[in-house]
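Shown below: target07.csv, with CSV, C-alpha atoms.
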```
chain,number,residue,atom,x,y,z
A,1,MET,CA,-4.1,47.2,122.4
A,2,PRO,CA,-1.6,49.8,121.3
A,3,ARG,CA,0.4,51.2,124.2
A,4,LEU,CA,3.0,53.7,125.3
A,5,VAL,CA,6.1,52.6,127.2
A,6,ALA,CA,8.1,55.0,129.3
A,7,LEU,CA,11.7,54.4,128.1
A,8,GLY,CA,13.1,57.1,130.3
A,9,THR,CA,12.0,59.8,132.8
A,10,ALA,CA,15.1,61.8,133.7
A,11,GLN,CA,16.1,65.2,132.5
A,12,ASP,CA,18.6,65.4,129.6
A,13,GLY,CA,21.6,64.5,131.7
A,14,GLY,CA,20.1,61.3,133.1
A,15,LEU,CA,20.3,59.7,136.5
A,16,PRO,CA,23.0,59.4,137.6
A,17,HIS,CA,23.6,62.8,135.9
A,18,ALA,CA,26.8,63.4,133.9
A,19,ALA,CA,29.6,64.4,136.3
A,20,CYS,CA,27.3,64.9,139.3
A,21,GLY,CA,28.2,63.6,142.7
A,22,CYS,CA,25.0,64.6,144.5
A,23,LEU,CA,23.5,62.1,146.9
A,24,ARG,CA,20.9,60.8,144.4
A,25,CYS,CA,23.4,60.4,141.6
A,26,ALA,CA,25.9,58.6,144.0
A,27,ALA,CA,23.1,56.3,145.1
A,28,ALA,CA,22.1,55.5,141.5
A,29,ARG,CA,25.8,54.6,140.7
A,30,ARG,CA,25.8,52.2,143.7
A,31,GLU,CA,22.4,50.8,143.0
A,32,PRO,CA,21.5,50.5,139.3
A,33,GLY,CA,17.9,50.0,140.2
A,34,LEU,CA,17.7,53.7,141.2
A,35,ALA,CA,19.0,54.9,137.8
A,36,ARG,CA,16.7,56.5,135.3
A,37,ARG,CA,17.2,57.0,131.6
A,38,VAL,CA,16.7,60.2,129.7
A,39,ALA,CA,13.0,61.0,129.1
A,40,SER,CA,11.6,59.2,126.0
A,41,LEU,CA,8.4,57.4,125.1
A,42,GLY,CA,8.0,54.2,123.0
A,43,LEU,CA,4.9,53.6,121.0
A,44,VAL,CA,4.1,49.9,120.4
A,45,LEU,CA,1.3,48.9,118.0
A,46,PRO,CA,-0.4,45.5,117.8
A,47,GLY,CA,1.5,44.4,114.7
A,48,GLY,CA,4.8,45.0,116.4
A,49,GLU,CA,5.5,48.4,114.9
A,50,ARG,CA,7.7,50.5,117.1
A,51,TYR,CA,8.1,54.3,117.3
A,52,LEU,CA,10.2,56.6,119.5
A,53,VAL,CA,9.2,59.9,120.8
A,54,ASP,CA,12.6,61.6,121.1
A,55,ALA,CA,15.9,60.0,120.4
A,56,THR,CA,18.0,60.4,123.6
A,57,PRO,CA,21.6,59.7,124.6
A,58,ASP,CA,20.3,56.5,126.1
A,59,ILE,CA,18.9,55.2,122.8
A,60,ARG,CA,20.9,51.9,122.9
A,61,PRO,CA,19.2,50.4,126.0
A,62,GLN,CA,15.9,52.1,125.0
A,63,LEU,CA,15.9,50.4,121.7
A,64,ASP,CA,16.4,47.1,123.5
A,65,ALA,CA,13.6,47.8,125.9
A,66,LEU,CA,11.3,48.9,123.1
A,67,ALA,CA,12.0,45.7,121.1
A,68,THR,CA,11.3,43.6,124.1
A,69,ALA,CA,8.0,45.4,124.8
A,70,ALA,CA,7.0,44.7,121.2
A,71,GLY,CA,7.9,41.1,121.5
A,72,ARG,CA,10.8,41.4,119.0
A,73,PRO,CA,14.0,41.2,121.1
A,74,PRO,CA,17.2,41.6,119.0
A,75,GLY,CA,18.3,38.6,117.1
A,76,ALA,CA,21.6,37.8,115.5
A,77,GLY,CA,23.3,40.6,113.7
A,78,VAL,CA,22.4,44.3,113.5
A,79,ASP,CA,18.7,45.2,112.9
A,80,ARG,CA,18.9,47.9,110.2
A,81,ALA,CA,15.2,48.7,110.8
A,82,PRO,CA,14.7,48.8,114.5
A,83,LEU,CA,12.0,51.4,114.3
A,84,GLN,CA,9.2,52.5,112.0
A,85,GLY,CA,9.7,56.1,113.0
A,86,VAL,CA,10.8,58.8,115.5
A,87,PHE,CA,8.9,61.8,116.6
A,88,LEU,CA,11.1,64.7,117.8
A,89,THR,CA,10.0,67.4,120.3
A,90,HIS,CA,12.9,69.8,119.9
A,91,ALA,CA,16.7,70.3,119.5
A,92,HIS,CA,17.9,70.1,123.1
A,93,MET,CA,20.6,67.5,123.7
A,94,GLY,CA,18.5,65.0,125.5
A,95,HIS,CA,15.8,64.8,122.8
A,96,TYR,CA,17.5,64.3,119.4
A,97,THR,CA,21.2,63.3,119.8
A,98,GLY,CA,20.4,59.6,119.9
A,99,LEU,CA,19.7,59.9,116.2
A,100,ALA,CA,23.5,59.5,115.7
A,101,PHE,CA,23.2,55.8,116.5
A,102,LEU,CA,21.0,55.4,113.4
A,103,GLY,CA,24.0,56.5,111.3
A,104,TYR,CA,26.8,54.9,109.4
A,105,GLU,CA,29.1,54.3,112.4
A,106,ALA,CA,26.5,52.3,114.3
A,107,ILE,CA,23.2,50.8,113.1
A,108,HIS,CA,23.4,52.3,109.6
A,109,ALA,CA,19.6,52.2,109.5
A,110,GLN,CA,17.7,52.3,106.3
A,111,GLY,CA,15.0,54.9,105.8
A,112,VAL,CA,13.7,55.4,109.4
A,113,ALA,CA,11.0,58.1,109.2
A,114,VAL,CA,11.9,61.1,111.5
A,115,HIS,CA,8.9,63.3,112.0
A,116,ALA,CA,9.9,66.9,112.8
A,117,THR,CA,8.7,70.4,112.4
A,118,PRO,CA,10.0,72.5,109.5
A,119,ALA,CA,12.5,74.3,111.8
A,120,MET,CA,13.7,71.0,113.4
A,121,ALA,CA,14.0,69.3,110.0
A,122,ALA,CA,16.0,72.3,108.7
A,123,PHE,CA,18.3,72.1,111.7
A,124,LEU,CA,19.0,68.4,111.1
A,125,ARG,CA,19.5,68.8,107.3
A,126,GLY,CA,21.8,71.8,107.7
A,127,ASN,CA,24.1,70.6,110.4
A,128,GLY,CA,26.6,67.7,110.7
A,129,PRO,CA,26.5,64.9,111.6
A,130,TRP,CA,22.7,64.9,111.2
A,131,GLY,CA,22.8,66.0,107.6
A,132,GLN,CA,24.8,62.9,106.8
A,133,LEU,CA,22.0,60.7,108.1
A,134,VAL,CA,19.7,62.3,105.5
A,135,GLU,CA,22.3,62.0,102.7
A,136,LEU,CA,23.0,58.3,103.4
A,137,GLY,CA,19.3,57.5,103.7
A,138,ASN,CA,19.6,56.4,107.3
A,139,ILE,CA,16.6,58.7,108.1
A,140,GLU,CA,13.9,60.2,106.0
A,141,LEU,CA,12.6,63.5,107.3
A,142,GLN,CA,8.8,63.8,107.4
A,143,ILE,CA,7.5,67.3,108.0
A,144,LEU,CA,5.1,67.8,110.9
A,145,SER,CA,2.4,70.4,110.5
A,146,PRO,CA,1.0,71.4,113.9
A,147,GLY,CA,-2.7,70.4,114.0
A,148,THR,CA,-2.3,67.7,111.3
A,149,ALA,CA,-2.3,64.2,112.6
A,150,VAL,CA,0.1,61.4,111.4
A,151,ARG,CA,-2.1,58.4,111.1
A,152,LEU,CA,-0.5,55.1,112.1
A,153,ALA,CA,-1.9,51.6,112.3
A,154,ALA,CA,-4.5,50.3,114.9
A,155,GLY,CA,-6.4,53.6,114.9
A,156,VAL,CA,-3.5,55.6,116.5
A,157,GLU,CA,-2.8,59.2,115.5
A,158,VAL,CA,0.1,61.5,116.5
A,159,ALA,CA,-0.2,65.3,116.2
A,160,ALA,CA,2.3,68.0,117.1
A,161,LEU,CA,1.3,70.7,119.5
A,162,PRO,CA,3.4,73.9,119.6
A,163,VAL,CA,4.9,74.5,123.1
A,164,PRO,CA,6.7,77.6,124.4
A,165,HIS,CA,10.3,76.8,125.4
A,166,ARG,CA,13.9,78.0,124.9
A,167,ASP,CA,14.2,77.7,121.1
A,168,GLU,CA,17.8,78.2,120.3
A,169,TYR,CA,18.0,75.8,117.4
A,170,SER,CA,14.5,74.8,116.6
A,171,ASP,CA,11.0,75.3,117.8
A,172,THR,CA,9.4,73.0,120.4
A,173,VAL,CA,6.3,70.8,120.3
A,174,GLY,CA,4.6,68.3,122.5
A,175,PHE,CA,2.6,65.4,121.1
A,176,LEU,CA,-1.1,64.5,121.2
A,177,ILE,CA,-1.3,60.7,120.9
A,178,ARG,CA,-4.8,59.5,120.2
A,179,GLY,CA,-5.6,55.8,120.6
A,180,PRO,CA,-8.9,53.8,120.5
A,181,ALA,CA,-9.5,54.4,124.2
A,182,GLU,CA,-7.2,57.2,125.5
A,183,ARG,CA,-6.0,60.6,124.4
A,184,VAL,CA,-2.5,61.3,125.7
A,185,LEU,CA,-0.6,64.6,125.8
A,186,TYR,CA,3.2,64.3,126.1
A,187,VAL,CA,5.1,67.5,127.0
A,188,PRO,CA,8.5,66.8,128.5
A,189,ASP,CA,9.8,70.3,128.1
A,190,THR,CA,8.0,73.6,128.3
A,191,ASP,CA,8.2,77.1,129.8
A,192,SER,CA,5.9,77.9,132.7
A,193,TRP,CA,2.2,77.3,132.2
A,194,GLU,CA,1.7,81.1,132.3
A,195,ALA,CA,3.3,81.2,128.9
A,196,TRP,CA,0.7,79.0,127.3
A,197,ASP,CA,-2.0,80.7,125.1
A,198,PRO,CA,-4.5,79.0,125.1
A,199,THR,CA,-4.0,77.8,128.6
A,200,LEU,CA,-3.1,74.2,129.4
A,201,PRO,CA,-6.6,73.4,130.9
A,202,GLU,CA,-8.1,74.9,127.7
A,203,VAL,CA,-5.9,72.7,125.5
A,204,LEU,CA,-6.7,69.6,127.6
A,205,GLN,CA,-10.5,70.2,127.2
A,206,ARG,CA,-10.3,71.1,123.5
A,207,GLU,CA,-8.4,67.9,122.7
A,208,GLY,CA,-10.3,65.6,125.0
A,209,VAL,CA,-7.1,64.6,126.8
A,210,THR,CA,-7.5,61.8,129.3
A,211,VAL,CA,-3.8,61.3,130.3
A,212,ALA,CA,-1.1,64.0,130.5
A,213,LEU,CA,2.6,63.2,130.8
A,214,LEU,CA,4.1,66.5,131.8
A,215,ASP,CA,7.4,68.3,132.5
A,216,ALA,CA,8.4,67.8,136.1
A,217,THR,CA,12.0,69.0,135.9
A,218,PHE,CA,11.8,70.8,139.2
A,219,PHE,CA,9.5,70.2,142.1
A,220,ASP,CA,9.8,73.7,143.7
A,221,ALA,CA,12.0,76.7,144.0
A,222,HIS,CA,14.1,75.2,146.8
A,223,GLU,CA,16.0,73.3,144.1
A,224,LEU,CA,17.1,76.6,142.6
A,225,PRO,CA,18.8,78.6,145.3
A,226,GLY,CA,19.7,82.1,144.2
A,227,ARG,CA,18.0,81.7,140.8
A,228,ASP,CA,14.7,83.0,139.5
A,229,PRO,CA,12.5,79.9,138.6
A,230,ALA,CA,10.9,81.9,135.8
A,231,SER,CA,14.3,82.1,134.1
A,232,ILE,CA,14.9,78.4,134.0
A,233,GLY,CA,12.2,77.6,131.4
A,234,HIS,CA,10.2,74.9,133.2
A,235,PRO,CA,7.0,74.8,135.3
A,236,LEU,CA,7.4,73.8,138.9
A,237,VAL,CA,5.5,70.7,139.9
A,238,ARG,CA,3.7,72.6,142.7
A,239,ALA,CA,2.4,75.0,140.0
A,240,THR,CA,1.3,72.0,137.9
A,241,MET,CA,-0.7,70.5,140.7
A,242,GLU,CA,-2.4,73.8,141.6
A,243,LEU,CA,-3.4,74.3,138.0
A,244,LEU,CA,-4.7,70.8,137.3
A,245,GLN,CA,-5.9,69.7,140.8
A,246,PRO,CA,-9.6,70.2,139.9
A,247,LEU,CA,-9.4,68.0,136.9
A,248,VAL,CA,-7.4,65.3,138.7
A,249,ALA,CA,-9.7,65.4,141.8
A,250,GLY,CA,-12.7,65.1,139.6
A,251,GLY,CA,-11.4,62.0,137.8
A,252,ARG,CA,-11.4,63.8,134.5
A,253,LEU,CA,-7.6,63.6,134.0
A,254,ARG,CA,-4.7,61.3,134.9
A,255,VAL,CA,-1.4,63.2,135.3
A,256,LEU,CA,2.0,61.5,135.3
A,257,LEU,CA,5.2,63.5,135.9
A,258,THR,CA,8.4,63.0,133.9
A,259,HIS,CA,11.7,64.6,132.8
A,260,MET,CA,13.0,64.9,136.4
A,261,ASN,CA,16.2,66.6,137.3
A,262,PRO,CA,18.5,64.8,139.9
A,263,SER,CA,17.6,67.6,142.4
A,264,ASN,CA,14.0,66.7,142.3
A,265,PRO,CA,12.8,64.9,145.5
A,266,LEU,CA,10.1,63.1,143.5
A,267,LEU,CA,12.9,60.6,142.6
A,268,GLU,CA,12.8,59.3,146.2
A,269,PRO,CA,9.8,57.0,146.7
A,270,ASP,CA,9.4,58.0,150.4
A,271,SER,CA,10.1,61.7,150.2
A,272,PRO,CA,7.6,64.2,151.6
A,273,ALA,CA,7.3,65.6,148.1
A,274,ARG,CA,6.5,62.2,146.5
A,275,LEU,CA,3.9,61.5,149.2
A,276,GLU,CA,2.3,64.8,148.7
A,277,VAL,CA,2.0,64.3,144.9
A,278,GLU,CA,0.5,60.9,145.4
A,279,ARG,CA,-1.9,62.1,148.1
A,280,ARG,CA,-3.2,64.7,145.7
A,281,GLY,CA,-3.9,62.1,143.0
A,282,PHE,CA,-0.9,62.8,140.7
A,283,GLU,CA,1.6,60.1,139.7
A,284,VAL,CA,5.4,59.9,139.1
A,285,LEU,CA,6.1,58.1,135.8
A,286,ALA,CA,8.4,55.2,136.2
A,287,ASP,CA,10.9,53.8,133.7
A,288,GLY,CA,9.3,50.9,132.0
A,289,GLN,CA,5.7,51.9,132.9
A,290,GLU,CA,3.1,51.1,130.2
A,291,ILE,CA,0.1,53.2,129.3
A,292,PRO,CA,-2.6,51.5,127.2
A,293,LEU,CA,-4.1,53.6,124.4
```
Representation of the structure as C-alpha coordinates:
Amino acid sequence: MPRLVALGTAQDGGLPHAACGCLRCAAARREPGLARRVASLGLVLPGGERYLVDATPDIRPQLDALATAAGRPPGAGVDRAPLQGVFLTHAHMGHYTGLAFLGYEAIHAQGVAVHATPAMAAFLRGNGPWGQLVELGNIELQILSPGTAVRLAAGVEVAALPVPHRDEYSDTVGFLIRGPAERVLYVPDTDSWEAWDPTLPEVLQREGVTVALLDATFFDAHELPGRDPASIGHPLVRATMELLQPLVAGGRLRVLLTHMNPSNPLLEPDSPARLEVERRGFEVLADGQEIPL
(Lines of atoms letter the chains of each structure in order from A and count residues from 1; the text may use other names and numbers.)
(Lines give C-alpha, C1' and ligand atoms only; values in the text may rest on other atoms or scores of the structure.)
Protein backbone atom coordinates (compact mmCIF):
# COMPACT_ATOMS: atom_id res chain seq x y z
CA MET A 1 0.00 0.00 0.00
CA PRO A 2 1.38 3.47 -0.82
CA ARG A 3 1.69 5.60 2.28
CA LEU A 4 2.65 8.97 3.68
CA VAL A 5 5.30 9.35 6.38
CA ALA A 6 5.42 12.42 8.62
CA LEU A 7 9.09 13.40 8.42
CA GLY A 8 8.60 16.48 10.59
CA THR A 9 5.81 18.35 12.35
CA ALA A 10 7.39 21.54 13.73
CA GLN A 11 7.19 25.11 12.45
CA ASP A 12 10.05 26.33 10.23
CA GLY A 13 12.48 26.87 13.13
CA GLY A 14 12.13 23.29 14.42
CA LEU A 15 12.01 22.01 17.99
CA PRO A 16 14.24 22.93 19.66
CA HIS A 17 13.76 26.18 17.81
CA ALA A 18 16.81 28.09 16.63
CA ALA A 19 18.24 30.25 19.44
CA CYS A 20 15.22 29.71 21.69
CA GLY A 21 15.56 29.01 25.41
CA CYS A 22 11.89 28.44 26.23
CA LEU A 23 10.98 25.52 28.46
CA ARG A 24 9.93 23.25 25.57
CA CYS A 25 13.08 23.96 23.55
CA ALA A 26 15.30 23.47 26.61
CA ALA A 27 13.58 20.15 27.34
CA ALA A 28 14.05 19.03 23.72
CA ARG A 29 17.77 19.80 23.97
CA ARG A 30 18.05 17.69 27.12
CA GLU A 31 15.87 14.86 25.80
CA PRO A 32 16.24 14.24 22.04
CA GLY A 33 13.03 12.21 22.06
CA LEU A 34 11.10 15.45 22.58
CA ALA A 35 12.60 17.10 19.49
CA ARG A 36 10.59 17.54 16.29
CA ARG A 37 11.89 18.16 12.81
CA VAL A 38 10.54 20.84 10.49
CA ALA A 39 7.22 19.96 8.86
CA SER A 40 7.55 17.70 5.83
CA LEU A 41 5.86 14.65 4.35
CA GLY A 42 7.39 11.67 2.66
CA LEU A 43 5.48 9.68 0.07
CA VAL A 44 6.51 6.03 -0.33
CA LEU A 45 5.21 3.90 -3.20
CA PRO A 46 5.18 0.09 -3.32
CA GLY A 47 8.12 -0.08 -5.74
CA GLY A 48 10.27 1.91 -3.34
CA GLU A 49 9.87 5.25 -5.11
CA ARG A 50 10.28 8.16 -2.72
CA TYR A 51 8.95 11.71 -2.84
CA LEU A 52 9.22 14.67 -0.48
CA VAL A 53 6.55 17.26 0.15
CA ASP A 54 8.70 20.28 1.05
CA ALA A 55 12.48 20.28 1.40
CA THR A 56 13.27 21.54 4.89
CA PRO A 57 16.42 22.56 6.78
CA ASP A 58 16.21 19.07 8.36
CA ILE A 59 16.47 17.29 5.01
CA ARG A 60 19.51 15.19 5.94
CA PRO A 61 17.87 13.08 8.69
CA GLN A 62 14.59 13.23 6.77
CA LEU A 63 16.17 11.61 3.71
CA ASP A 64 17.53 8.87 5.98
CA ALA A 65 14.11 8.33 7.55
CA LEU A 66 12.43 8.24 4.15
CA ALA A 67 14.94 5.73 2.78
CA THR A 68 14.40 3.49 5.80
CA ALA A 69 10.62 3.73 5.40
CA ALA A 70 11.00 2.68 1.77
CA GLY A 71 13.22 -0.27 2.70
CA ARG A 72 16.22 1.35 1.03
CA PRO A 73 18.58 2.51 3.79
CA PRO A 74 21.69 4.34 2.54
CA GLY A 75 24.48 2.06 1.32
CA ALA A 76 28.12 2.80 0.71
CA GLY A 77 28.88 6.13 -0.92
CA VAL A 78 26.58 9.00 -1.83
CA ASP A 79 23.22 8.19 -3.40
CA ARG A 80 22.94 10.66 -6.28
CA ALA A 81 19.26 9.79 -6.74
CA PRO A 82 17.79 9.65 -3.22
CA LEU A 83 14.40 10.86 -4.46
CA GLN A 84 12.13 10.57 -7.45
CA GLY A 85 10.74 14.03 -6.80
CA VAL A 86 9.93 16.93 -4.49
CA PHE A 87 6.65 18.85 -4.25
CA LEU A 88 7.00 22.41 -2.89
CA THR A 89 4.28 24.37 -1.12
CA HIS A 90 5.92 27.82 -1.04
CA ALA A 91 9.07 29.90 -0.56
CA HIS A 92 9.23 30.29 3.22
CA MET A 93 12.51 29.09 4.74
CA GLY A 94 11.23 25.88 6.29
CA HIS A 95 9.76 24.58 3.05
CA TYR A 96 12.37 24.83 0.30
CA THR A 97 15.85 25.62 1.67
CA GLY A 98 16.70 21.92 2.03
CA LEU A 99 17.00 21.84 -1.77
CA ALA A 100 20.54 23.17 -1.25
CA PHE A 101 21.62 19.68 -0.14
CA LEU A 102 20.78 18.34 -3.59
CA GLY A 103 23.44 20.65 -5.00
CA TYR A 104 27.09 20.47 -5.98
CA GLU A 105 28.54 20.92 -2.48
CA ALA A 106 26.54 18.03 -1.02
CA ILE A 107 24.63 15.22 -2.80
CA HIS A 108 25.18 16.59 -6.33
CA ALA A 109 21.92 14.87 -7.30
CA GLN A 110 21.09 14.06 -10.88
CA GLY A 111 17.79 15.29 -12.30
CA VAL A 112 15.53 15.22 -9.26
CA ALA A 113 12.09 16.43 -10.35
CA VAL A 114 10.99 19.47 -8.36
CA HIS A 115 7.28 20.17 -8.79
CA ALA A 116 6.46 23.84 -8.24
CA THR A 117 3.99 26.50 -9.34
CA PRO A 118 5.12 28.90 -12.09
CA ALA A 119 5.85 31.59 -9.45
CA MET A 120 7.82 29.21 -7.25
CA ALA A 121 9.75 27.85 -10.23
CA ALA A 122 10.59 31.38 -11.40
CA PHE A 123 11.84 32.24 -7.90
CA LEU A 124 14.15 29.22 -7.87
CA ARG A 125 15.39 29.74 -11.41
CA GLY A 126 16.03 33.44 -10.90
CA ASN A 127 17.83 33.41 -7.55
CA GLY A 128 21.06 31.88 -6.29
CA PRO A 129 22.00 29.36 -5.16
CA TRP A 130 18.80 27.71 -6.40
CA GLY A 131 19.38 28.66 -10.02
CA GLN A 132 22.66 26.75 -9.93
CA LEU A 133 20.78 23.56 -9.06
CA VAL A 134 18.86 23.98 -12.32
CA GLU A 135 21.93 24.88 -14.37
CA LEU A 136 23.91 21.86 -13.13
CA GLY A 137 20.99 19.49 -13.62
CA ASN A 138 20.73 18.65 -9.93
CA ILE A 139 17.03 19.38 -10.16
CA GLU A 140 14.57 19.57 -13.04
CA LEU A 141 11.72 22.01 -12.51
CA GLN A 142 8.28 20.60 -13.30
CA ILE A 143 5.50 23.19 -13.47
CA LEU A 144 2.43 22.53 -11.36
CA SER A 145 -0.88 23.71 -12.74
CA PRO A 146 -3.46 23.97 -9.94
CA GLY A 147 -6.22 21.47 -10.55
CA THR A 148 -4.07 19.25 -12.77
CA ALA A 149 -2.88 16.06 -11.08
CA VAL A 150 0.64 14.65 -11.30
CA ARG A 151 0.14 10.91 -11.78
CA LEU A 152 2.61 8.67 -9.99
CA ALA A 153 2.81 4.89 -9.70
CA ALA A 154 0.40 2.65 -7.77
CA GLY A 155 -2.63 4.79 -8.58
CA VAL A 156 -1.38 7.82 -6.61
CA GLU A 157 -2.03 11.36 -7.82
CA VAL A 158 -0.81 14.67 -6.39
CA ALA A 159 -2.56 17.96 -7.22
CA ALA A 160 -1.80 21.49 -6.07
CA LEU A 161 -4.48 23.53 -4.32
CA PRO A 162 -4.00 27.34 -4.13
CA VAL A 163 -3.89 28.53 -0.52
CA PRO A 164 -4.01 32.11 0.85
CA HIS A 165 -0.82 32.97 2.75
CA ARG A 166 1.97 35.58 2.99
CA ASP A 167 3.35 35.41 -0.55
CA GLU A 168 6.51 37.51 -0.42
CA TYR A 169 8.49 35.41 -2.93
CA SER A 170 6.04 32.96 -4.44
CA ASP A 171 2.45 31.88 -4.19
CA THR A 172 1.38 29.12 -1.77
CA VAL A 173 -0.30 25.78 -2.36
CA GLY A 174 -1.41 22.79 -0.37
CA PHE A 175 -1.53 19.32 -1.86
CA LEU A 176 -4.33 16.87 -2.53
CA ILE A 177 -2.81 13.40 -2.43
CA ARG A 178 -5.13 10.76 -3.82
CA GLY A 179 -4.45 7.08 -3.22
CA PRO A 180 -6.38 3.85 -3.78
CA ALA A 181 -8.18 4.14 -0.44
CA GLU A 182 -7.72 7.67 0.95
CA ARG A 183 -7.76 11.26 -0.22
CA VAL A 184 -5.45 13.43 1.85
CA LEU A 185 -5.25 17.22 2.02
CA TYR A 186 -1.91 18.62 3.27
CA VAL A 187 -1.88 22.33 4.21
CA PRO A 188 1.04 23.14 6.54
CA ASP A 189 0.78 26.92 6.04
CA THR A 190 -2.27 29.09 5.44
CA ASP A 191 -3.91 32.33 6.49
CA SER A 192 -7.04 32.06 8.61
CA TRP A 193 -9.85 29.87 7.35
CA GLU A 194 -11.96 33.01 6.85
CA ALA A 195 -9.63 33.88 3.94
CA TRP A 196 -10.59 30.73 2.02
CA ASP A 197 -13.00 31.03 -0.91
CA PRO A 198 -14.45 28.46 -1.35
CA THR A 199 -14.43 27.57 2.33
CA LEU A 200 -12.36 24.72 3.75
CA PRO A 201 -15.44 22.49 4.36
CA GLU A 202 -16.54 23.13 0.77
CA VAL A 203 -13.10 22.11 -0.53
CA LEU A 204 -13.08 18.98 1.62
CA GLN A 205 -16.49 17.95 0.30
CA ARG A 206 -15.71 18.80 -3.32
CA GLU A 207 -12.48 16.80 -3.31
CA GLY A 208 -13.79 13.89 -1.25
CA VAL A 209 -11.05 14.36 1.36
CA THR A 210 -10.95 11.68 4.05
CA VAL A 211 -7.79 12.79 5.90
CA ALA A 212 -6.67 16.40 6.46
CA LEU A 213 -3.21 17.37 7.74
CA LEU A 214 -3.57 21.01 8.70
CA ASP A 215 -1.66 24.06 9.90
CA ALA A 216 -1.55 24.06 13.71
CA THR A 217 1.17 26.66 14.23
CA PHE A 218 -0.66 28.22 17.20
CA PHE A 219 -3.26 26.70 19.50
CA ASP A 220 -4.91 29.93 20.63
CA ALA A 221 -4.32 33.66 21.07
CA HIS A 222 -2.65 33.22 24.48
CA GLU A 223 0.55 32.34 22.60
CA LEU A 224 0.57 35.79 20.99
CA PRO A 225 0.43 38.35 23.82
CA GLY A 226 0.02 41.87 22.51
CA ARG A 227 -0.41 40.75 18.91
CA ASP A 228 -3.46 40.43 16.69
CA PRO A 229 -3.76 36.76 15.68
CA ALA A 230 -5.21 37.82 12.33
CA SER A 231 -1.90 39.52 11.47
CA ILE A 232 0.16 36.36 11.99
CA GLY A 233 -1.15 34.51 8.96
CA HIS A 234 -2.15 31.19 10.53
CA PRO A 235 -5.46 29.74 11.75
CA LEU A 236 -5.71 29.00 15.45
CA VAL A 237 -6.30 25.35 16.35
CA ARG A 238 -9.39 26.32 18.32
CA ALA A 239 -10.85 27.87 15.15
CA THR A 240 -9.97 24.74 13.17
CA MET A 241 -11.79 22.53 15.65
CA GLU A 242 -14.89 24.71 15.66
CA LEU A 243 -14.98 24.71 11.87
CA LEU A 244 -14.47 20.97 11.37
CA GLN A 245 -16.03 19.49 14.49
CA PRO A 246 -19.22 18.32 12.70
CA LEU A 247 -17.19 16.42 10.10
CA VAL A 248 -14.89 14.85 12.69
CA ALA A 249 -17.70 13.96 15.08
CA GLY A 250 -19.66 12.39 12.23
CA GLY A 251 -16.75 10.17 11.26
CA ARG A 252 -16.51 11.73 7.81
CA LEU A 253 -13.04 13.26 8.28
CA ARG A 254 -9.83 12.50 10.11
CA VAL A 255 -7.87 15.65 11.07
CA LEU A 256 -4.21 15.57 12.11
CA LEU A 257 -2.50 18.76 13.26
CA THR A 258 1.03 19.70 12.21
CA HIS A 259 3.52 22.60 11.75
CA MET A 260 3.53 23.47 15.48
CA ASN A 261 5.40 26.44 16.93
CA PRO A 262 7.39 25.80 20.16
CA SER A 263 4.83 27.94 22.00
CA ASN A 264 2.07 25.46 21.12
CA PRO A 265 0.91 23.42 24.14
CA LEU A 266 -0.05 20.55 21.83
CA LEU A 267 3.63 19.58 21.92
CA GLU A 268 3.12 18.37 25.51
CA PRO A 269 1.31 14.99 25.58
CA ASP A 270 -0.46 15.65 28.88
CA SER A 271 -1.29 19.34 28.45
CA PRO A 272 -4.93 20.44 28.83
CA ALA A 273 -4.86 21.62 25.20
CA ARG A 274 -3.69 18.22 23.95
CA LEU A 275 -6.29 16.41 26.02
CA GLU A 276 -9.01 18.71 24.68
CA VAL A 277 -7.97 18.11 21.08
CA GLU A 278 -8.01 14.34 21.56
CA ARG A 279 -11.31 14.40 23.45
CA ARG A 280 -12.89 16.18 20.49
CA GLY A 281 -11.64 13.54 18.06
CA PHE A 282 -8.74 15.45 16.51
CA GLU A 283 -5.16 14.17 16.41
CA VAL A 284 -1.67 15.65 16.78
CA LEU A 285 0.58 14.33 14.03
CA ALA A 286 3.79 12.71 15.32
CA ASP A 287 7.17 12.58 13.65
CA GLY A 288 7.47 9.20 11.98
CA GLN A 289 3.72 8.53 11.88
CA GLU A 290 2.52 6.73 8.75
CA ILE A 291 -0.77 7.23 6.93
CA PRO A 292 -1.76 4.52 4.43
CA LEU A 293 -3.21 5.74 1.16
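Nearest residue to Thr97 (chain A) among A:Ile139, A:Ala55, A:Val277, A:Ala69 is A:Ala55, counting all atoms listed in the file.
With distances restricted to all atoms listed in the file, A:Gln142 is the closest residue to Arg125 (chain A) from A:Gln245, A:Gln142, A:Asn264, A:Gln110.
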*asked:* Nearest residue to His115 (chain A) out of A:Glu140, A:Glu278, A:Asp167, A:Glu49, using only C-alpha atoms?
replied: A:Glu140
*Test item: residues at most 12 Å from Glu202 (chain A), only C-alpha atoms, excluding those fewer than 5 positions along its chain, as an NGL selection string*: :A and (193 or 196-197 or 207-209 or 243-244 or 247)
_So that I can see what lies close to Ile177 (chain A), please list as a ChimeraX atom specification the residues with an atom at most 8 Å from it, counting only C-alpha atoms and leaving out residues fewer than 2 positions away in the same chain._
/A:156-159,175,179,183-186
*Compare A:Ala113, A:Val86, A:Ala100, A:Ala35 by their minimum atom-to-atom distance to Arg60 (chain A), counting all atoms listed in the file, and give me the closest one.*
A:Ala100
_Nearest candidate to Ala28 (chain A) (options A:Arg279, A:Pro262, A:Thr210, A:Arg238; using all atoms listed in the file)_ = A:Pro262
*Compile the contact shell of Leu45 (chain A) as a PyMOL selection string: residues with an atom at most 12 Å away, counting all atoms listed in the file, same-chain residues fewer than 5 positions apart removed.*
chain A and resi 1-5+50-52+66-67+69-71+83-84+152-157+179-180+292-293
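The space separating CA of Ser271 (chain A) from CA of Leu7 (chain A) comes to 23.3 Å.
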*How many Å lie between CA of Leu236 (chain A) and CA of His259 (chain A), rounded to one decimal?*
11.8 Å
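With CA of Arg252 (chain A) on one side and CA of Gln289 (chain A) on the other, the separation reads 20.9 Å.
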*Tell me which of A:Val211, A:Gly128, A:Gly233, A:Arg280 sits closest to Ala249 (chain A), counting only C-alpha atoms.*
A:Arg280
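Taking all atoms listed in the file into account, the polymer residues that have an atom no farther than 10 Å from (18.3, 65.4, 121.6) are Asp12, Val38, Asp54, Ala55, Thr56, Pro57, Leu88, Thr89, His90, Ala91, His92, Met93, Gly94, His95, Tyr96, Thr97, Gly98, Leu99 and Ala100 of chain A.
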*Using all atoms listed in the file, determine which residues lie at most 8 Å from Gly174 (chain A), disregarding the query and same-chain residues fewer than 5 positions distant; provide the list as a PyMOL selection string.*
chain A and resi 89+160-163+185-189
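A search radius of 10 Å centred on (13.8, 68.9, 106.7), applied to only C-alpha atoms, returns the residues Val114, His115, Ala116, Thr117, Pro118, Ala119, Met120, Ala121, Ala122, Phe123, Leu124, Arg125, Gly126, Gly131, Val134, Glu140, Leu141, Gln142, Ile143 and Leu144 of chain A.
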